[in-house]
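*Asks:* My structure is stored as upload.pdb, with PDB, C-alpha atoms.
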ATOM      1  CA  MET H   1     -41.481  -9.729  37.175
ATOM      2  CA  ALA H   2     -38.115 -11.325  37.996
ATOM      3  CA  GLN H   3     -36.389  -7.933  37.720
ATOM      4  CA  ALA H   4     -37.958  -7.002  41.081
ATOM      5  CA  TYR H   5     -35.614  -9.500  42.732
ATOM      6  CA  PRO H   6     -32.214  -8.327  44.036
ATOM      7  CA  ILE H   7     -28.884  -9.087  42.359
ATOM      8  CA  PRO H   8     -26.791 -11.650  44.303
ATOM      9  CA  THR H   9     -24.239 -10.105  46.630
ATOM     10  CA  THR H  10     -21.952 -13.131  46.132
ATOM     11  CA  ILE H  11     -21.036 -12.311  42.509
ATOM     12  CA  GLU H  12     -18.004 -10.139  43.270
ATOM     13  CA  LYS H  13     -16.866 -12.584  45.953
ATOM     14  CA  TRP H  14     -16.986 -15.496  43.520
ATOM     15  CA  ILE H  15     -15.190 -13.504  40.848
ATOM     16  CA  LYS H  16     -12.405 -12.759  43.347
ATOM     17  CA  GLN H  17     -12.240 -16.510  44.053
ATOM     18  CA  GLY H  18     -11.517 -17.041  40.341
ATOM     19  CA  LYS H  19     -14.805 -18.689  39.464
ATOM     20  CA  GLY H  20     -15.642 -18.653  35.768
ATOM     21  CA  GLN H  21     -12.075 -17.656  34.949
ATOM     22  CA  GLY H  22      -8.910 -19.283  33.629
ATOM     23  CA  MET H  23      -8.178 -21.761  30.872
ATOM     24  CA  GLY H  24      -7.261 -25.439  30.823
ATOM     25  CA  LYS H  25      -6.322 -26.815  34.225
ATOM     26  CA  HIS H  26      -6.680 -23.350  35.753
ATOM     27  CA  TYR H  27     -10.359 -22.884  34.877
ATOM     28  CA  VAL H  28     -12.796 -22.822  37.817
ATOM     29  CA  PRO H  29     -16.504 -23.580  37.113
ATOM     30  CA  TRP H  30     -18.975 -20.991  38.376
ATOM     31  CA  PHE H  31     -20.914 -23.535  40.416
ATOM     32  CA  THR H  32     -19.986 -26.578  42.443
ATOM     33  CA  ALA H  33     -22.148 -29.688  42.582
ATOM     34  CA  ARG H  34     -23.420 -28.680  46.025
ATOM     35  CA  GLN H  35     -24.493 -25.264  44.808
ATOM     36  CA  VAL H  36     -26.601 -26.516  41.908
ATOM     37  CA  PRO H  37     -29.552 -28.818  42.529
ATOM     38  CA  SER H  38     -29.861 -30.997  39.428
ATOM     39  CA  GLN H  39     -32.691 -33.216  38.301
ATOM     40  CA  GLY H  40     -30.112 -35.646  36.965
ATOM     41  CA  ARG H  41     -27.054 -37.182  38.555
ATOM     42  CA  THR H  42     -23.905 -35.149  38.978
ATOM     43  CA  HIS H  43     -20.514 -36.512  37.946
ATOM     44  CA  THR H  44     -16.886 -35.518  38.230
ATOM     45  CA  ALA H  45     -14.288 -36.774  35.781
ATOM     46  CA  LYS H  46     -10.669 -35.826  35.208
ATOM     47  CA  GLY H  47     -10.046 -34.465  31.736
ATOM     48  CA  ILE H  48      -7.093 -35.625  29.686
ATOM     49  CA  LYS H  49      -7.014 -32.383  27.720
ATOM     50  CA  SER H  50      -7.335 -30.091  30.735
ATOM     51  CA  GLY H  51      -5.633 -32.142  33.449
ATOM     52  CA  ARG H  52      -8.313 -31.124  35.966
ATOM     53  CA  GLU H  53     -11.525 -32.436  37.442
ATOM     54  CA  HIS H  54     -14.618 -31.464  35.464
ATOM     55  CA  LEU H  55     -18.037 -30.938  37.030
ATOM     56  CA  LEU H  56     -20.883 -32.467  35.023
ATOM     57  CA  LEU H  57     -24.369 -31.730  36.332
ATOM     58  CA  SER H  58     -26.305 -34.447  34.497
ATOM     59  CA  ASP H  59     -25.843 -37.735  32.694
ATOM     60  CA  LEU H  60     -26.124 -35.932  29.344
ATOM     61  CA  GLU H  61     -23.332 -33.524  30.259
ATOM     62  CA  TRP H  62     -21.253 -36.515  31.402
ATOM     63  CA  TYR H  63     -21.754 -38.317  28.088
ATOM     64  CA  TYR H  64     -20.962 -35.143  26.153
ATOM     65  CA  PHE H  65     -17.761 -34.647  28.170
ATOM     66  CA  TYR H  66     -16.437 -37.990  26.911
ATOM     67  CA  LEU H  67     -17.301 -37.130  23.313
ATOM     68  CA  LEU H  68     -15.321 -33.900  23.732
ATOM     69  CA  GLU H  69     -12.414 -35.854  25.201
ATOM     70  CA  TRP H  70     -12.412 -38.180  22.183
ATOM     71  CA  SER H  71     -12.548 -35.427  19.569
ATOM     72  CA  ASP H  72      -9.406 -34.537  17.658
ATOM     73  CA  VAL H  73     -10.514 -31.011  16.665
ATOM     74  CA  ILE H  74     -11.575 -29.751  20.087
ATOM     75  CA  GLU H  75      -8.661 -28.484  22.136
ATOM     76  CA  GLY H  76     -10.419 -27.747  25.415
ATOM     77  CA  TYR H  77     -13.641 -26.723  27.114
ATOM     78  CA  ARG H  78     -14.962 -24.926  30.149
ATOM     79  CA  GLU H  79     -18.135 -26.095  31.872
ATOM     80  CA  GLN H  80     -20.669 -24.067  33.906
ATOM     81  CA  TYR H  81     -19.442 -20.818  32.363
ATOM     82  CA  PRO H  82     -21.091 -17.671  33.845
ATOM     83  CA  LEU H  83     -22.855 -15.095  31.682
ATOM     84  CA  LEU H  84     -21.486 -11.928  33.229
ATOM     85  CA  PRO H  85     -22.064  -9.131  33.877
ATOM     86  CA  ILE H  86     -25.507 -10.143  35.131
ATOM     87  CA  GLU H  87     -26.831  -6.715  34.136
ATOM     88  CA  GLU H  88     -26.487  -7.805  30.511
ATOM     89  CA  THR H  89     -28.697 -10.881  30.830
ATOM     90  CA  ILE H  90     -31.163  -8.802  32.874
ATOM     91  CA  GLN H  91     -31.370  -6.306  30.001
ATOM     92  CA  ILE H  92     -31.795  -9.058  27.404
ATOM     93  CA  ALA H  93     -34.636 -10.582  29.439
ATOM     94  CA  GLU H  94     -36.276  -7.179  29.707
ATOM     95  CA  ASN H  95     -35.987  -6.607  25.962
ATOM     96  CA  LEU H  96     -37.559 -10.018  25.334
ATOM     97  CA  GLY H  97     -40.330  -9.363  27.831
ATOM     98  CA  VAL H  98     -39.508 -12.507  29.841
ATOM     99  CA  ASP H  99     -38.504 -13.152  33.431
ATOM    100  CA  HIS H 100     -34.823 -13.449  34.251
ATOM    101  CA  PRO H 101     -33.936 -16.720  36.055
ATOM    102  CA  ILE H 102     -34.026 -16.509  39.827
ATOM    103  CA  ASP H 103     -32.846 -18.619  42.726
ATOM    104  CA  PRO H 104     -36.180 -19.590  44.317
ATOM    105  CA  GLN H 105     -34.604 -20.408  47.669
ATOM    106  CA  LYS H 106     -32.613 -17.193  48.053
ATOM    107  CA  ARG H 107     -35.282 -15.091  46.306
ATOM    108  CA  GLU H 108     -32.721 -13.274  44.205
ATOM    109  CA  LEU H 109     -31.681 -13.133  40.557
ATOM    110  CA  LYS H 110     -29.493 -15.986  39.373
ATOM    111  CA  VAL H 111     -26.299 -15.773  37.319
ATOM    112  CA  MET H 112     -26.976 -17.728  34.146
ATOM    113  CA  THR H 113     -24.413 -20.248  32.895
ATOM    114  CA  THR H 114     -23.573 -22.003  29.647
ATOM    115  CA  ASP H 115     -23.012 -25.761  29.920
ATOM    116  CA  PHE H 116     -19.858 -25.861  27.750
ATOM    117  CA  VAL H 117     -17.639 -23.229  26.174
ATOM    118  CA  ILE H 118     -15.581 -25.092  23.590
ATOM    119  CA  ASP H 119     -12.197 -24.232  22.068
ATOM    120  CA  GLN H 120     -11.523 -25.668  18.622
ATOM    121  CA  GLU H 121      -8.662 -25.615  16.143
ATOM    122  CA  ASP H 122     -10.356 -23.623  13.388
ATOM    123  CA  ASN H 123     -13.052 -21.884  15.430
ATOM    124  CA  PRO H 124     -11.757 -20.145  18.558
ATOM    125  CA  VAL H 125     -14.924 -20.446  20.643
ATOM    126  CA  ASP H 126     -18.262 -22.178  20.394
ATOM    127  CA  VAL H 127     -20.838 -22.778  23.116
ATOM    128  CA  VAL H 128     -23.276 -25.587  23.837
ATOM    129  CA  ASN H 129     -26.392 -25.870  25.962
ATOM    130  CA  ILE H 130     -27.418 -29.427  26.825
ATOM    131  CA  LYS H 131     -31.022 -30.301  27.583
ATOM    132  CA  PRO H 132     -33.153 -33.475  27.493
ATOM    133  CA  ALA H 133     -35.562 -33.128  24.574
ATOM    134  CA  ASN H 134     -38.574 -33.889  26.770
ATOM    135  CA  LYS H 135     -37.619 -31.118  29.241
ATOM    136  CA  ILE H 136     -37.670 -28.242  26.735
ATOM    137  CA  THR H 137     -40.642 -26.240  27.966
ATOM    138  CA  LEU H 138     -41.667 -22.732  26.929
ATOM    139  CA  ARG H 139     -39.815 -21.409  29.978
ATOM    140  CA  GLU H 140     -36.655 -23.282  28.969
ATOM    141  CA  VAL H 141     -36.923 -21.770  25.482
ATOM    142  CA  GLU H 142     -37.126 -18.291  27.040
ATOM    143  CA  LYS H 143     -33.985 -18.879  29.094
ATOM    144  CA  MET H 144     -32.117 -20.352  26.136
ATOM    145  CA  GLU H 145     -32.994 -17.298  24.049
ATOM    146  CA  ILE H 146     -31.457 -15.033  26.714
ATOM    147  CA  GLU H 147     -28.323 -17.194  26.565
ATOM    148  CA  ARG H 148     -28.265 -17.268  22.770
ATOM    149  CA  GLN H 149     -28.535 -13.480  22.494
ATOM    150  CA  TYR H 150     -25.792 -13.021  25.097
ATOM    151  CA  TRP H 151     -23.401 -15.049  22.949
ATOM    152  CA  GLU H 152     -24.638 -13.562  19.676
ATOM    153  CA  ALA H 153     -23.580 -10.145  20.956
ATOM    154  CA  ARG H 154     -20.056 -11.604  21.203
ATOM    155  CA  ASN H 155     -20.182 -13.187  17.720
ATOM    156  CA  VAL H 156     -20.023 -16.637  19.300
ATOM    157  CA  GLY H 157     -22.000 -19.562  17.904
ATOM    158  CA  TRP H 158     -24.556 -21.158  20.243
ATOM    159  CA  SER H 159     -25.929 -24.696  19.838
ATOM    160  CA  LEU H 160     -28.550 -26.790  21.604
ATOM    161  CA  VAL H 161     -27.640 -30.450  22.109
ATOM    162  CA  THR H 162     -30.290 -32.919  23.302
ATOM    163  CA  ASN H 163     -30.282 -36.615  24.107
ATOM    164  CA  LYS H 164     -31.250 -37.206  20.473
ATOM    165  CA  ASP H 165     -27.839 -35.840  19.409
ATOM    166  CA  ILE H 166     -25.738 -37.879  21.830
ATOM    167  CA  PRO H 167     -24.797 -41.485  20.894
ATOM    168  CA  VAL H 168     -24.835 -42.982  24.382
ATOM    169  CA  PRO H 169     -23.135 -46.340  23.532
ATOM    170  CA  TYR H 170     -20.314 -44.404  21.851
ATOM    171  CA  ALA H 171     -19.914 -42.131  24.889
ATOM    172  CA  MET H 172     -19.985 -45.072  27.307
ATOM    173  CA  ASN H 173     -17.267 -46.829  25.306
ATOM    174  CA  ILE H 174     -15.083 -43.739  25.688
ATOM    175  CA  GLN H 175     -15.851 -43.692  29.404
ATOM    176  CA  TYR H 176     -14.781 -47.344  29.635
ATOM    177  CA  VAL H 177     -11.360 -46.744  28.065
ATOM    178  CA  HIS H 178     -10.788 -43.170  29.274
ATOM    179  CA  LYS H 179      -8.922 -43.796  32.550
ATOM    180  CA  ALA H 180      -6.474 -46.136  30.825
ATOM    181  CA  HIS H 181      -5.043 -43.257  28.796
ATOM    182  CA  ASN H 182      -2.458 -42.853  31.553
ATOM    183  CA  LEU H 183      -0.859 -46.191  32.493
ATOM    184  CA  ALA H 184       1.337 -44.872  35.306
ATOM    185  CA  PRO H 185      -1.229 -45.613  38.069
ATOM    186  CA  TYR H 186      -1.308 -49.237  36.877
ATOM    187  CA  HIS H 187       2.522 -49.514  36.900
ATOM    188  CA  ILE H 188       2.416 -50.656  33.274
ATOM    189  CA  THR H 189       5.481 -49.725  31.217
ATOM    190  CA  ASP H 190       5.923 -49.063  27.500
ATOM    191  CA  GLN H 191       7.744 -52.388  27.337
ATOM    192  CA  HIS H 192       4.707 -54.173  28.780
ATOM    193  CA  VAL H 193       2.485 -52.484  26.211
ATOM    194  CA  MET H 194       4.742 -53.417  23.301
ATOM    195  CA  LYS H 195       4.954 -57.081  24.295
ATOM    196  CA  ALA H 196       1.280 -57.450  25.193
ATOM    197  CA  ARG H 197       0.170 -55.718  22.024
ATOM    198  CA  ALA H 198       2.285 -57.996  19.832
ATOM    199  CA  LEU H 199       0.805 -61.106  21.432
ATOM    200  CA  MET H 200      -2.775 -59.874  21.383
ATOM    201  CA  GLU H 201      -2.715 -58.725  17.784
ATOM    202  CA  GLN H 202      -1.966 -62.299  16.740
ATOM    203  CA  ARG H 203      -5.419 -63.353  17.983
ATOM    204  CA  ILE H 204      -7.564 -60.277  18.515
ATOM    205  CA  THR H 205      -9.125 -60.301  15.044
ATOM    206  CA  ASP H 206     -10.301 -63.892  15.524
ATOM    207  CA  LEU H 207     -13.900 -63.289  16.552
ATOM    208  CA  SER H 208     -14.226 -66.767  17.993
ATOM    209  CA  HIS H 209     -12.333 -65.602  21.110
ATOM    210  CA  LYS H 210     -13.866 -63.332  23.713
ATOM    211  CA  LEU H 211     -11.608 -60.479  24.759
ATOM    212  CA  THR H 212     -10.960 -61.658  28.319
ATOM    213  CA  ASP H 213      -9.808 -65.081  27.084
ATOM    214  CA  ILE H 214      -7.067 -63.344  25.106
ATOM    215  CA  THR H 215      -6.076 -60.847  27.798
ATOM    216  CA  ASP H 216      -5.977 -63.534  30.517
ATOM    217  CA  GLN H 217      -3.649 -65.637  28.391
ATOM    218  CA  VAL H 218      -1.361 -62.664  27.735
ATOM    219  CA  ASP H 219      -1.268 -61.813  31.457
ATOM    220  CA  ASP H 220      -0.112 -65.374  32.138
ATOM    221  CA  ALA H 221       2.383 -65.445  29.271
ATOM    222  CA  LEU H 222       4.060 -62.181  30.316
ATOM    223  CA  GLY H 223       3.671 -62.591  34.063
ATOM    224  CA  LEU H 224       1.534 -59.484  34.335
ATOM    225  CA  LYS H 225      -0.853 -58.684  37.148
ATOM    226  CA  PRO H 226      -4.292 -60.165  36.357
ATOM    227  CA  GLY H 227      -6.292 -57.627  34.368
ATOM    228  CA  ASN H 228      -3.306 -55.601  33.161
ATOM    229  CA  SER H 229      -3.585 -56.777  29.565
ATOM    230  CA  LEU H 230      -7.212 -55.640  29.543
ATOM    231  CA  VAL H 231      -6.034 -52.249  30.789
ATOM    232  CA  ILE H 232      -3.549 -52.211  27.906
ATOM    233  CA  VAL H 233      -6.405 -52.924  25.481
ATOM    234  CA  ARG H 234      -8.312 -49.951  26.869
ATOM    235  CA  HIS H 235      -5.171 -47.819  26.566
ATOM    236  CA  LEU H 236      -4.628 -48.829  22.938
ATOM    237  CA  ILE H 237      -8.226 -47.897  22.129
ATOM    238  CA  MET H 238      -8.150 -44.563  23.990
ATOM    239  CA  THR H 239      -4.881 -43.538  22.348
ATOM    240  CA  LYS H 240      -6.357 -44.651  19.010
ATOM    241  CA  GLN H 241      -3.618 -47.164  18.324
ATOM    242  CA  TRP H 242      -6.408 -49.710  17.945
ATOM    243  CA  LYS H 243      -9.433 -48.644  15.952
ATOM    244  CA  VAL H 244     -12.623 -50.358  17.060
ATOM    245  CA  ASN H 245     -16.331 -50.130  16.350
ATOM    246  CA  MET H 246     -17.236 -47.489  18.930
ATOM    247  CA  LYS H 247     -20.947 -47.594  18.068
ATOM    248  CA  THR H 248     -21.319 -51.008  19.698
ATOM    249  CA  ARG H 249     -20.738 -51.296  23.447
ATOM    250  CA  ILE H 250     -17.372 -52.845  24.275
ATOM    251  CA  ASP H 251     -17.952 -55.984  26.339
ATOM    252  CA  PRO H 252     -14.825 -57.803  27.596
ATOM    253  CA  ASN H 253     -16.855 -61.025  27.633
ATOM    254  CA  ARG H 254     -17.388 -60.804  23.887
ATOM    255  CA  PRO H 255     -15.004 -60.571  20.903
ATOM    256  CA  LEU H 256     -13.622 -57.074  20.257
ATOM    257  CA  GLU H 257     -14.645 -55.566  16.910
ATOM    258  CA  ILE H 258     -11.309 -54.333  15.576
ATOM    259  CA  VAL H 259     -11.472 -52.008  12.568
ATOM    260  CA  GLY H 260      -7.729 -51.563  12.167
ATOM    261  CA  PHE H 261      -4.361 -50.992  13.817
ATOM    262  CA  ASN H 262      -2.449 -47.727  13.945
ATOM    263  CA  TYR H 263       1.280 -47.899  14.582
ATOM    264  CA  ASP H 264       1.803 -44.140  14.641
ATOM    265  CA  ASN H 265       1.052 -43.022  18.214
ATOM    266  CA  SER H 266       0.820 -39.398  17.135
ATOM    267  CA  SER H 267      -1.907 -39.987  14.556
ATOM    268  CA  GLN H 268      -5.524 -39.433  15.433
ATOM    269  CA  GLN H 269      -8.783 -41.025  14.475
ATOM    270  CA  GLY H 270     -11.716 -38.996  13.248
ATOM    271  CA  GLY H 271     -13.018 -35.801  14.716
ATOM    272  CA  MET H 272     -16.204 -34.124  15.844
ATOM    273  CA  ARG H 273     -17.336 -30.564  16.026
ATOM    274  CA  HIS H 274     -20.296 -31.391  18.201
ATOM    275  CA  ALA H 275     -21.483 -34.689  19.592
TER     276      ALA H 275
END
So that I can check it, write out the structure of this file as structure tokens.
*Replies:*
Amino acid sequence: MAQAYPIPTTIEKWIKQGKGQGMGKHYVPWFTARQVPSQGRTHTAKGIKSGREHLLLSDLEWYYFYLLEWSDVIEGYREQYPLLPIEETIQIAENLGVDHPIDPQKRELKVMTTDFVIDQEDNPVDVVNIKPANKITLREVEKMEIERQYWEARNVGWSLVTNKDIPVPYAMNIQYVHKAHNLAPYHITDQHVMKARALMEQRITDLSHKLTDITDQVDDALGLKPGNSLVIVRHLIMTKQWKVNMKTRIDPNRPLEIVGFNYDNSSQQGGMRHA
């Protein structure tokens, strides 16, 4: 049985390092990409809401991160959150009659983690486990039940999200516009945005023009650096000043499907509880 394996001696050390603690930009994930072998690709992305780099251990987590960034009802989130104290998950596993997860290389028990702990406006905390539907084996179900019972004891809702729940084109559209939320690195001013937006909105709803034709013309008309008007388009979408069809992949070489314009920068478009 897994309980015959020793408890990691690194737990207290990592806790002292601040891992699994803090909120917002001060939160530190329990694992780093190097410490967790993943069957998928790992990603890092800077969050707008948190102002820090997030560690995403698979493509599905990466997609879900962007859906969380887009949501208007989710205030923040913490990834790779440790289920501590480890004695609690050991006891739950024992009660269930299943093996506790181990680190096969170190031959010791493994601290379990939740993929995302989510903070929302009307629900202080919710948690999400993300798994590909075709990877949910009996063993994965056992581990998820340990996790679910851990959070149930804290009156926290637990949800399983699979690839069937994640609209990939939607997430990839958010990824495409995400970095343009902050225009400072591009040296684009509010004045540039105002002028470029006014010119583009005269033609953008004409679906006979591909997006880059319009943005190239605006770059020339305003004397902007080539590509800056396209950055402004991405910014207007990410800040929800332009509402577009997010279910269809945004392709700069095709017309942009505009749903409407929003002239109140503080207003927000739609919301999601889970992706």
*Asks:* Return as a count of residues only the set of residues that the PyMOL selection byres ((chain H and resi 129) around 6) yields on the displayed structure.
*Replies:* 4
*Asks:* Closest to H:Glu108 among H:Thr162, H:Gln191, H:Thr215, H:Thr9, using all atoms listed in the file?
*Replies:*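 Checking each candidate against H:Glu108, we get H:Thr9 as the closest.
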*Asks:* Using all atoms listed in the file, which residue out of H:Asp264, H:Glu53, H:Asp59, H:Glu257 lies closest to H:Lys25?
*Replies:* H:Glu53
*Asks:* Name the residues that the PyMOL selection byres ((chain H and resi 31) around 12) pulls out of this structure, and write them as a PyMOL selection string.
*Replies:* chain H and resi 10-11+14-15+17-21+27-30+32-38+54-57+78-82+110-115
*Asks:* Which residues fall under the PyMOL selection byres ((chain H and resi 86) around 10) in this file, as a list in words?
*Replies:*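 For this structure, the PyMOL selection byres ((chain H and resi 86) around 10) resolves to Ile7, Pro8, Ile11, Pro82, Leu83, Leu84, Pro85, Glu87, Glu88, Thr89, Ile90, Gln91, His100, Leu109, Lys110, Val111 and Met112 of chain H.
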